[in-house]
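Structure file upload.cif; described as mmCIF, C-alpha atoms, pLDDT in the B column; chains and numbers go by the auth columns.
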```cif
data_coords
#
loop_
_atom_site.group_PDB
_atom_site.id
_atom_site.type_symbol
_atom_site.label_atom_id
_atom_site.label_comp_id
_atom_site.label_asym_id
_atom_site.label_seq_id
_atom_site.Cartn_x
_atom_site.Cartn_y
_atom_site.Cartn_z
_atom_site.B_iso_or_equiv
_atom_site.auth_seq_id
_atom_site.auth_asym_id
ATOM 1 C CA MET A 1 8.556 6.140 -21.362 51.00 1 A
ATOM 2 C CA ALA A 2 6.496 7.631 -18.582 72.00 2 A
ATOM 3 C CA GLY A 3 6.366 4.447 -16.546 92.00 3 A
ATOM 4 C CA TYR A 4 3.680 2.240 -15.078 96.00 4 A
ATOM 5 C CA LYS A 5 1.446 2.981 -12.121 95.00 5 A
ATOM 6 C CA ALA A 6 2.420 0.624 -9.310 95.00 6 A
ATOM 7 C CA PHE A 7 0.014 -2.141 -8.352 95.00 7 A
ATOM 8 C CA THR A 8 -1.899 -2.075 -11.658 96.00 8 A
ATOM 9 C CA GLN A 9 -2.365 -4.865 -14.186 97.00 9 A
ATOM 10 C CA GLU A 10 -0.173 -3.001 -16.712 97.00 10 A
ATOM 11 C CA TRP A 11 2.625 -2.839 -14.134 97.00 11 A
ATOM 12 C CA MET A 12 2.193 -6.563 -13.413 97.00 12 A
ATOM 13 C CA ASP A 13 2.332 -7.329 -17.155 98.00 13 A
ATOM 14 C CA ALA A 14 5.552 -5.318 -17.552 96.00 14 A
ATOM 15 C CA TRP A 15 7.110 -7.151 -14.573 96.00 15 A
ATOM 16 C CA LYS A 16 6.112 -10.551 -15.967 97.00 16 A
ATOM 17 C CA GLU A 17 7.624 -9.621 -19.340 97.00 17 A
ATOM 18 C CA LYS A 18 10.924 -8.664 -17.659 96.00 18 A
ATOM 19 C CA ILE A 19 11.009 -12.017 -15.854 97.00 19 A
ATOM 20 C CA ASN A 20 10.152 -14.111 -18.899 97.00 20 A
ATOM 21 C CA SER A 21 12.756 -12.362 -21.051 97.00 21 A
ATOM 22 C CA SER A 22 15.572 -12.892 -18.509 97.00 22 A
ATOM 23 C CA LYS A 23 17.870 -15.803 -19.349 97.00 23 A
ATOM 24 C CA GLU A 24 19.532 -15.382 -15.957 96.00 24 A
ATOM 25 C CA TYR A 25 16.191 -15.739 -14.165 96.00 25 A
ATOM 26 C CA LYS A 26 15.336 -18.897 -16.134 96.00 26 A
ATOM 27 C CA GLU A 27 18.575 -20.494 -14.946 96.00 27 A
ATOM 28 C CA ILE A 28 18.354 -19.348 -11.308 95.00 28 A
ATOM 29 C CA ALA A 29 14.665 -20.264 -10.947 95.00 29 A
ATOM 30 C CA LYS A 30 14.644 -23.651 -12.666 95.00 30 A
ATOM 31 C CA GLU A 31 13.689 -25.382 -9.392 94.00 31 A
ATOM 32 C CA TRP A 32 11.081 -22.873 -8.171 94.00 32 A
ATOM 33 C CA GLU A 33 7.527 -24.213 -8.135 93.00 33 A
ATOM 34 C CA GLY A 34 4.566 -22.282 -6.907 94.00 34 A
ATOM 35 C CA SER A 35 2.577 -19.140 -6.625 97.00 35 A
ATOM 36 C CA VAL A 36 3.197 -16.092 -4.482 96.00 36 A
ATOM 37 C CA SER A 37 0.565 -13.548 -3.565 97.00 37 A
ATOM 38 C CA ILE A 38 1.503 -10.085 -2.443 96.00 38 A
ATOM 39 C CA THR A 39 -0.879 -8.084 -0.286 97.00 39 A
ATOM 40 C CA VAL A 40 -0.199 -4.366 -0.054 97.00 40 A
ATOM 41 C CA ASN A 41 -2.147 -2.940 2.862 97.00 41 A
ATOM 42 C CA ALA A 42 -4.163 0.194 2.166 96.00 42 A
ATOM 43 C CA ASP A 43 -2.555 3.482 3.154 97.00 43 A
ATOM 44 C CA PRO A 44 -4.887 6.399 2.371 96.00 44 A
ATOM 45 C CA SER A 45 -2.273 8.879 3.613 96.00 45 A
ATOM 46 C CA ARG A 46 -0.023 7.737 0.733 96.00 46 A
ATOM 47 C CA ASN A 47 -2.760 7.750 -1.907 96.00 47 A
ATOM 48 C CA LEU A 48 -3.437 3.993 -1.688 96.00 48 A
ATOM 49 C CA PRO A 49 -7.050 3.993 -0.476 96.00 49 A
ATOM 50 C CA GLU A 50 -7.652 0.229 -0.780 97.00 50 A
ATOM 51 C CA THR A 51 -5.639 -2.923 -0.099 98.00 51 A
ATOM 52 C CA VAL A 52 -4.151 -4.357 -3.299 98.00 52 A
ATOM 53 C CA TYR A 53 -3.877 -8.102 -3.908 98.00 53 A
ATOM 54 C CA MET A 54 -1.476 -9.456 -6.511 98.00 54 A
ATOM 55 C CA PHE A 55 -1.115 -13.071 -7.575 98.00 55 A
ATOM 56 C CA THR A 56 2.067 -14.299 -9.254 97.00 56 A
ATOM 57 C CA ASP A 57 2.751 -17.847 -10.361 97.00 57 A
ATOM 58 C CA TYR A 58 6.117 -19.335 -11.283 97.00 58 A
ATOM 59 C CA TRP A 59 7.092 -22.730 -12.641 96.00 59 A
ATOM 60 C CA HIS A 60 10.677 -23.833 -13.321 96.00 60 A
ATOM 61 C CA GLY A 61 11.914 -20.502 -14.656 96.00 61 A
ATOM 62 C CA ASP A 62 8.712 -19.259 -16.247 96.00 62 A
ATOM 63 C CA ALA A 63 6.377 -16.574 -14.949 97.00 63 A
ATOM 64 C CA LEU A 64 2.825 -17.762 -15.579 97.00 64 A
ATOM 65 C CA GLU A 65 -0.128 -15.880 -14.105 97.00 65 A
ATOM 66 C CA PHE A 66 0.530 -12.293 -12.947 98.00 66 A
ATOM 67 C CA LEU A 67 -2.601 -10.477 -11.975 97.00 67 A
ATOM 68 C CA ILE A 68 -4.311 -8.030 -9.727 98.00 68 A
ATOM 69 C CA CYS A 69 -6.885 -10.110 -7.900 98.00 69 A
ATOM 70 C CA ASP A 70 -9.253 -10.252 -4.958 98.00 70 A
ATOM 71 C CA ALA A 71 -8.480 -11.455 -1.439 98.00 71 A
ATOM 72 C CA ALA A 72 -9.944 -14.907 -2.120 98.00 72 A
ATOM 73 C CA LYS A 73 -7.605 -15.548 -5.080 98.00 73 A
ATOM 74 C CA ALA A 74 -4.632 -14.207 -3.095 98.00 74 A
ATOM 75 C CA GLN A 75 -5.334 -16.759 -0.360 97.00 75 A
ATOM 76 C CA THR A 76 -4.917 -19.639 -2.849 97.00 76 A
ATOM 77 C CA ALA A 77 -1.188 -18.961 -3.364 97.00 77 A
ATOM 78 C CA LYS A 78 1.469 -21.332 -2.048 96.00 78 A
ATOM 79 C CA PHE A 79 3.157 -18.341 -0.420 95.00 79 A
ATOM 80 C CA ILE A 80 1.265 -15.316 0.878 96.00 80 A
ATOM 81 C CA MET A 81 3.286 -12.200 1.613 95.00 81 A
ATOM 82 C CA THR A 82 1.670 -9.261 3.358 97.00 82 A
ATOM 83 C CA GLY A 83 2.964 -5.840 4.281 96.00 83 A
ATOM 84 C CA ASP A 84 2.376 -2.148 4.457 96.00 84 A
ATOM 85 C CA TYR A 85 2.608 0.008 1.355 96.00 85 A
ATOM 86 C CA ALA A 86 5.758 1.760 2.615 95.00 86 A
ATOM 87 C CA ARG A 87 7.564 -1.593 2.980 95.00 87 A
ATOM 88 C CA TRP A 88 6.546 -2.861 -0.467 94.00 88 A
ATOM 89 C CA LYS A 89 7.631 0.432 -1.996 95.00 89 A
ATOM 90 C CA GLN A 90 11.033 -0.001 -0.324 94.00 90 A
ATOM 91 C CA VAL A 91 11.266 -3.523 -1.791 92.00 91 A
ATOM 92 C CA ALA A 92 10.261 -2.313 -5.268 91.00 92 A
ATOM 93 C CA LYS A 93 12.898 0.445 -5.105 91.00 93 A
ATOM 94 C CA LYS A 94 15.511 -2.036 -3.825 90.00 94 A
ATOM 95 C CA GLU A 95 15.870 -0.158 -0.540 94.00 95 A
ATOM 96 C CA LEU A 96 14.737 -3.188 1.479 93.00 96 A
ATOM 97 C CA ASP A 97 15.747 -6.801 0.917 89.00 97 A
ATOM 98 C CA PRO A 98 12.560 -8.916 0.958 86.00 98 A
ATOM 99 C CA THR A 99 14.157 -11.884 2.749 83.00 99 A
ATOM 100 C CA LYS A 100 15.568 -9.669 5.488 88.00 100 A
ATOM 101 C CA ALA A 101 12.203 -7.913 5.738 91.00 101 A
ATOM 102 C CA LEU A 102 10.552 -11.295 6.351 87.00 102 A
ATOM 103 C CA MET A 103 13.136 -12.233 8.982 85.00 103 A
ATOM 104 C CA GLN A 104 12.682 -8.857 10.712 91.00 104 A
ATOM 105 C CA GLY A 105 8.886 -9.057 10.620 92.00 105 A
ATOM 106 C CA LYS A 106 8.573 -6.026 8.325 95.00 106 A
ATOM 107 C CA LEU A 107 6.761 -8.289 5.857 95.00 107 A
ATOM 108 C CA LYS A 108 4.693 -11.325 6.838 95.00 108 A
ATOM 109 C CA LEU A 109 4.838 -14.713 5.137 94.00 109 A
ATOM 110 C CA LYS A 110 2.368 -17.529 5.187 95.00 110 A
ATOM 111 C CA GLY A 111 4.098 -20.566 3.679 94.00 111 A
ATOM 112 C CA ASP A 112 7.319 -22.545 3.946 91.00 112 A
ATOM 113 C CA LEU A 113 9.995 -20.059 5.058 84.00 113 A
ATOM 114 C CA THR A 114 12.794 -22.642 4.749 88.00 114 A
ATOM 115 C CA TYR A 115 11.907 -23.096 1.050 91.00 115 A
ATOM 116 C CA VAL A 116 11.960 -19.328 0.571 85.00 116 A
ATOM 117 C CA VAL A 117 15.357 -19.018 2.262 85.00 117 A
ATOM 118 C CA ARG A 118 16.730 -21.889 0.170 90.00 118 A
ATOM 119 C CA MET A 119 15.495 -20.134 -2.983 91.00 119 A
ATOM 120 C CA VAL A 120 16.679 -16.648 -1.999 89.00 120 A
ATOM 121 C CA LYS A 121 18.558 -16.103 -5.297 93.00 121 A
ATOM 122 C CA THR A 122 15.316 -16.657 -7.200 93.00 122 A
ATOM 123 C CA ILE A 123 13.446 -14.174 -5.022 90.00 123 A
ATOM 124 C CA ASN A 124 16.208 -11.593 -5.300 90.00 124 A
ATOM 125 C CA LYS A 125 16.225 -11.904 -9.096 94.00 125 A
ATOM 126 C CA VAL A 126 12.447 -11.404 -9.258 93.00 126 A
ATOM 127 C CA VAL A 127 12.872 -8.215 -7.204 91.00 127 A
ATOM 128 C CA ASP A 128 15.851 -7.090 -9.319 92.00 128 A
ATOM 129 C CA LEU A 129 13.701 -7.438 -12.424 94.00 129 A
ATOM 130 C CA LEU A 130 10.880 -5.503 -10.769 93.00 130 A
ATOM 131 C CA THR A 131 13.259 -2.604 -10.123 92.00 131 A
ATOM 132 C CA GLU A 132 13.857 -2.473 -13.907 93.00 132 A
ATOM 133 C CA VAL A 133 10.175 -1.633 -14.459 94.00 133 A
ATOM 134 C CA GLU A 134 9.772 2.135 -14.494 94.00 134 A
ATOM 135 C CA THR A 135 7.283 2.622 -11.690 95.00 135 A
ATOM 136 C CA ILE A 136 5.075 5.515 -10.668 94.00 136 A
ATOM 137 C CA PHE A 137 4.086 5.087 -7.016 95.00 137 A
ATOM 138 C CA PRO A 138 0.706 6.249 -5.659 95.00 138 A
ATOM 139 C CA ASP A 139 2.344 8.816 -3.393 93.00 139 A
ATOM 140 C CA GLY A 140 4.169 10.346 -6.332 83.00 140 A
ATOM 141 C CA ASP A 141 7.710 9.103 -5.996 69.00 141 A
#
```
Represent the structure from my file as structure tokens, please.
Amino acid sequence: MAGYKAFTQEWMDAWKEKINSSKEYKEIAKEWEGSVSITVNADPSRNLPETVYMFTDYWHGDALEFLICDAAKAQTAKFIMTGDYARWKQVAKKELDPTKALMQGKLKLKGDLTYVVRMVKTINKVVDLLTEVETIFPDGD
């Protein structure tokens, strides 16, 4: 398989499929309720000319809506995470822990940080499953 272009609907669909087919995720995430939007700031120097907005929704171990959206839809999420392309790429490649990135200010969160910290295993599993999706990044690596 050649892989999926990062930050596309096909990539989001592949990620959602990984989550929904993971028995381990279903067990870990049985208490998670709510949506998370991810904003990847534009970085023309890395071949990402426009900001990308992604909306993901989770409910008690199931991944529901996963879509590329507009800024207005992204703002409706329970949790809104924002960061530069380079940071999100590090998260997607498992080079940067998302919770640590939030604590260090490398990624920004709008929402209940204590809930996020309490549910860190759920977040880590979502990222682990993302790293299983063969990804082609805009800057070619």
Counting all atoms listed in the file, the residue of A:Lys100, A:Arg87, A:Arg118, A:Lys93 that sits nearest Thr39 of chain A:
A:Arg87
When the PyMOL selection byres ((chain A and resi 73) around 9) is applied to the structure above, which residues does it catch, written out as a list of chain:residue names?
A:Ser37, A:Tyr53, A:Met54, A:Phe55, A:Cys69, A:Asp70, A:Ala71, A:Ala72, A:Ala74, A:Gln75, A:Thr76, A:Ala77
Could you give me, as a short mmCIF file (atom, residue, chain, number, x, y, z; two decimals) with C-alpha atoms, keeping the file's coordinate frame, the residues that sit within 10 Å of (1.7, 7.6, -5.3) in the file's coordinates, counting all atoms listed in the file?
```cif
data_model
loop_
_atom_site.label_atom_id
_atom_site.label_comp_id
_atom_site.auth_asym_id
_atom_site.auth_seq_id
_atom_site.Cartn_x
_atom_site.Cartn_y
_atom_site.Cartn_z
CA LYS A 5 1.45 2.98 -12.12
CA ALA A 6 2.42 0.62 -9.31
CA SER A 45 -2.27 8.88 3.61
CA ARG A 46 -0.02 7.74 0.73
CA ASN A 47 -2.76 7.75 -1.91
CA LEU A 48 -3.44 3.99 -1.69
CA LYS A 89 7.63 0.43 -2.00
CA THR A 135 7.28 2.62 -11.69
CA ILE A 136 5.08 5.52 -10.67
CA PHE A 137 4.09 5.09 -7.02
CA PRO A 138 0.71 6.25 -5.66
CA ASP A 139 2.34 8.82 -3.39
CA GLY A 140 4.17 10.35 -6.33
CA ASP A 141 7.71 9.10 -6.00
#
```
Using all atoms listed in the file, find the one residue out of A:Glu50, A:Asp57, A:Asp112, A:Asp97 that sits nearest to Lys125 of chain A.
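Between A:Glu50, A:Asp57, A:Asp112, A:Asp97, the residue approaching Lys125 of chain A most closely is A:Asp97.
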Check the smallest atom-to-atom distance from each of A:Val127, A:Leu113, A:Met119, A:Met103 to Val91 of chain A using all atoms listed in the file, then report the winner.
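Result for the nearest residue to Val91 of chain A: A:Val127.
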Distance in Å - atom CA of Glu24 of chain A versus atom CA of Ala86 of chain A:
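Spanning atom CA of Glu24 of chain A to atom CA of Ala86 of chain A is a straight-line distance of 28.8 Å.
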Selection result for the PyMOL selection byres ((chain A and resi 114-117) around 12) on this file, as a ChimeraX atom specification:
/A:29,31-36,78-81,98-100,102-103,109-113,118-124
Quick one: of A:Pro44, A:Leu67, A:Ala101, A:Ser22, who's nearest to Phe7 of chain A, counting only C-alpha atoms?
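The shortest atom-to-atom distance to Phe7 of chain A comes from A:Leu67.
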Under the PyMOL selection byres ((chain A and resi 25) around 9), which residues of this model are included? Write them out as JSON, numbers by chain.
{"A": [19, 20, 21, 22, 23, 24, 26, 27, 28, 29, 30, 61, 62, 122, 125, 126, 129]}
Now that the selection is made, can you save its residues with C-alpha atoms as a short mmCIF file (atom, residue, chain, number, x, y, z; two decimals), keeping the file's coordinate frame?
```cif
data_model
loop_
_atom_site.label_atom_id
_atom_site.label_comp_id
_atom_site.auth_asym_id
_atom_site.auth_seq_id
_atom_site.Cartn_x
_atom_site.Cartn_y
_atom_site.Cartn_z
CA ILE A 19 11.01 -12.02 -15.85
CA ASN A 20 10.15 -14.11 -18.90
CA SER A 21 12.76 -12.36 -21.05
CA SER A 22 15.57 -12.89 -18.51
CA LYS A 23 17.87 -15.80 -19.35
CA GLU A 24 19.53 -15.38 -15.96
CA LYS A 26 15.34 -18.90 -16.13
CA GLU A 27 18.58 -20.49 -14.95
CA ILE A 28 18.35 -19.35 -11.31
CA ALA A 29 14.66 -20.26 -10.95
CA LYS A 30 14.64 -23.65 -12.67
CA GLY A 61 11.91 -20.50 -14.66
CA ASP A 62 8.71 -19.26 -16.25
CA THR A 122 15.32 -16.66 -7.20
CA LYS A 125 16.23 -11.90 -9.10
CA VAL A 126 12.45 -11.40 -9.26
CA LEU A 129 13.70 -7.44 -12.42
#
```
Restricted to C-alpha atoms, what does segment 5-78 of chain A look like when written out as a CSV table (one decimal), in the first residue's frame?
```
chain,number,residue,atom,x,y,z
A,5,LYS,CA,-2.0,11.7,2.3
A,6,ALA,CA,-2.0,13.3,5.8
A,7,PHE,CA,-4.9,15.6,6.7
A,8,THR,CA,-7.3,14.2,4.0
A,9,GLN,CA,-10.7,12.6,4.4
A,10,GLU,CA,-9.2,9.2,3.2
A,11,TRP,CA,-6.6,9.4,6.0
A,12,MET,CA,-9.3,10.3,8.5
A,13,ASP,CA,-11.4,7.3,7.4
A,14,ALA,CA,-8.4,5.0,7.7
A,15,TRP,CA,-7.7,6.3,11.2
A,16,LYS,CA,-11.3,5.9,12.3
A,17,GLU,CA,-11.3,2.3,11.0
A,18,LYS,CA,-8.2,1.5,13.0
A,19,ILE,CA,-9.9,2.9,16.1
A,20,ASN,CA,-13.2,1.1,15.6
A,21,SER,CA,-11.5,-2.2,15.0
A,22,SER,CA,-9.3,-2.1,18.1
A,23,LYS,CA,-10.7,-4.1,21.0
A,24,GLU,CA,-8.0,-2.6,23.3
A,25,TYR,CA,-9.2,0.9,22.4
A,26,LYS,CA,-12.9,0.0,23.1
A,27,GLU,CA,-11.9,-1.1,26.6
A,28,ILE,CA,-9.6,1.8,27.4
A,29,ALA,CA,-12.0,4.4,26.1
A,30,LYS,CA,-15.3,3.2,27.5
A,31,GLU,CA,-15.6,6.3,29.7
A,32,TRP,CA,-14.6,8.9,27.0
A,33,GLU,CA,-17.4,11.2,25.9
A,34,GLY,CA,-16.9,14.0,23.5
A,35,SER,CA,-15.5,15.4,20.3
A,36,VAL,CA,-12.0,16.7,19.7
A,37,SER,CA,-11.0,19.0,16.9
A,38,ILE,CA,-7.5,19.3,15.6
A,39,THR,CA,-6.3,22.4,13.9
A,40,VAL,CA,-3.1,22.1,11.9
A,41,ASN,CA,-1.8,25.6,11.2
A,42,ALA,CA,-0.8,26.3,7.6
A,43,ASP,CA,2.9,26.0,6.8
A,44,PRO,CA,3.6,26.9,3.1
A,45,SER,CA,7.3,26.1,3.6
A,46,ARG,CA,6.3,22.5,4.3
A,47,ASN,CA,3.8,22.2,1.5
A,48,LEU,CA,0.8,22.8,3.7
A,49,PRO,CA,-0.6,26.1,2.2
A,50,GLU,CA,-3.8,26.3,4.2
A,51,THR,CA,-4.8,25.5,7.8
A,52,VAL,CA,-6.5,22.1,8.1
A,53,TYR,CA,-9.4,21.5,10.5
A,54,MET,CA,-10.3,18.0,11.6
A,55,PHE,CA,-13.3,17.0,13.7
A,56,THR,CA,-13.3,13.7,15.6
A,57,ASP,CA,-16.0,12.4,17.8
A,58,TYR,CA,-15.8,9.6,20.3
A,59,TRP,CA,-18.4,8.0,22.6
A,60,HIS,CA,-17.7,5.2,25.0
A,61,GLY,CA,-15.2,3.3,22.9
A,62,ASP,CA,-16.6,4.1,19.5
A,63,ALA,CA,-15.2,6.6,16.9
A,64,LEU,CA,-18.2,8.4,15.4
A,65,GLU,CA,-17.7,11.4,13.1
A,66,PHE,CA,-14.2,11.8,11.6
A,67,LEU,CA,-14.0,14.5,9.1
A,68,ILE,CA,-12.1,17.3,7.5
A,69,CYS,CA,-14.2,20.4,8.2
A,70,ASP,CA,-14.2,24.2,8.3
A,71,ALA,CA,-13.2,26.4,11.2
A,72,ALA,CA,-16.8,26.8,12.4
A,73,LYS,CA,-17.4,23.1,12.8
A,74,ALA,CA,-14.0,22.7,14.5
A,75,GLN,CA,-15.1,25.3,17.1
A,76,THR,CA,-18.1,23.1,18.1
A,77,ALA,CA,-15.9,20.3,19.6
A,78,LYS,CA,-15.7,19.7,23.3
```
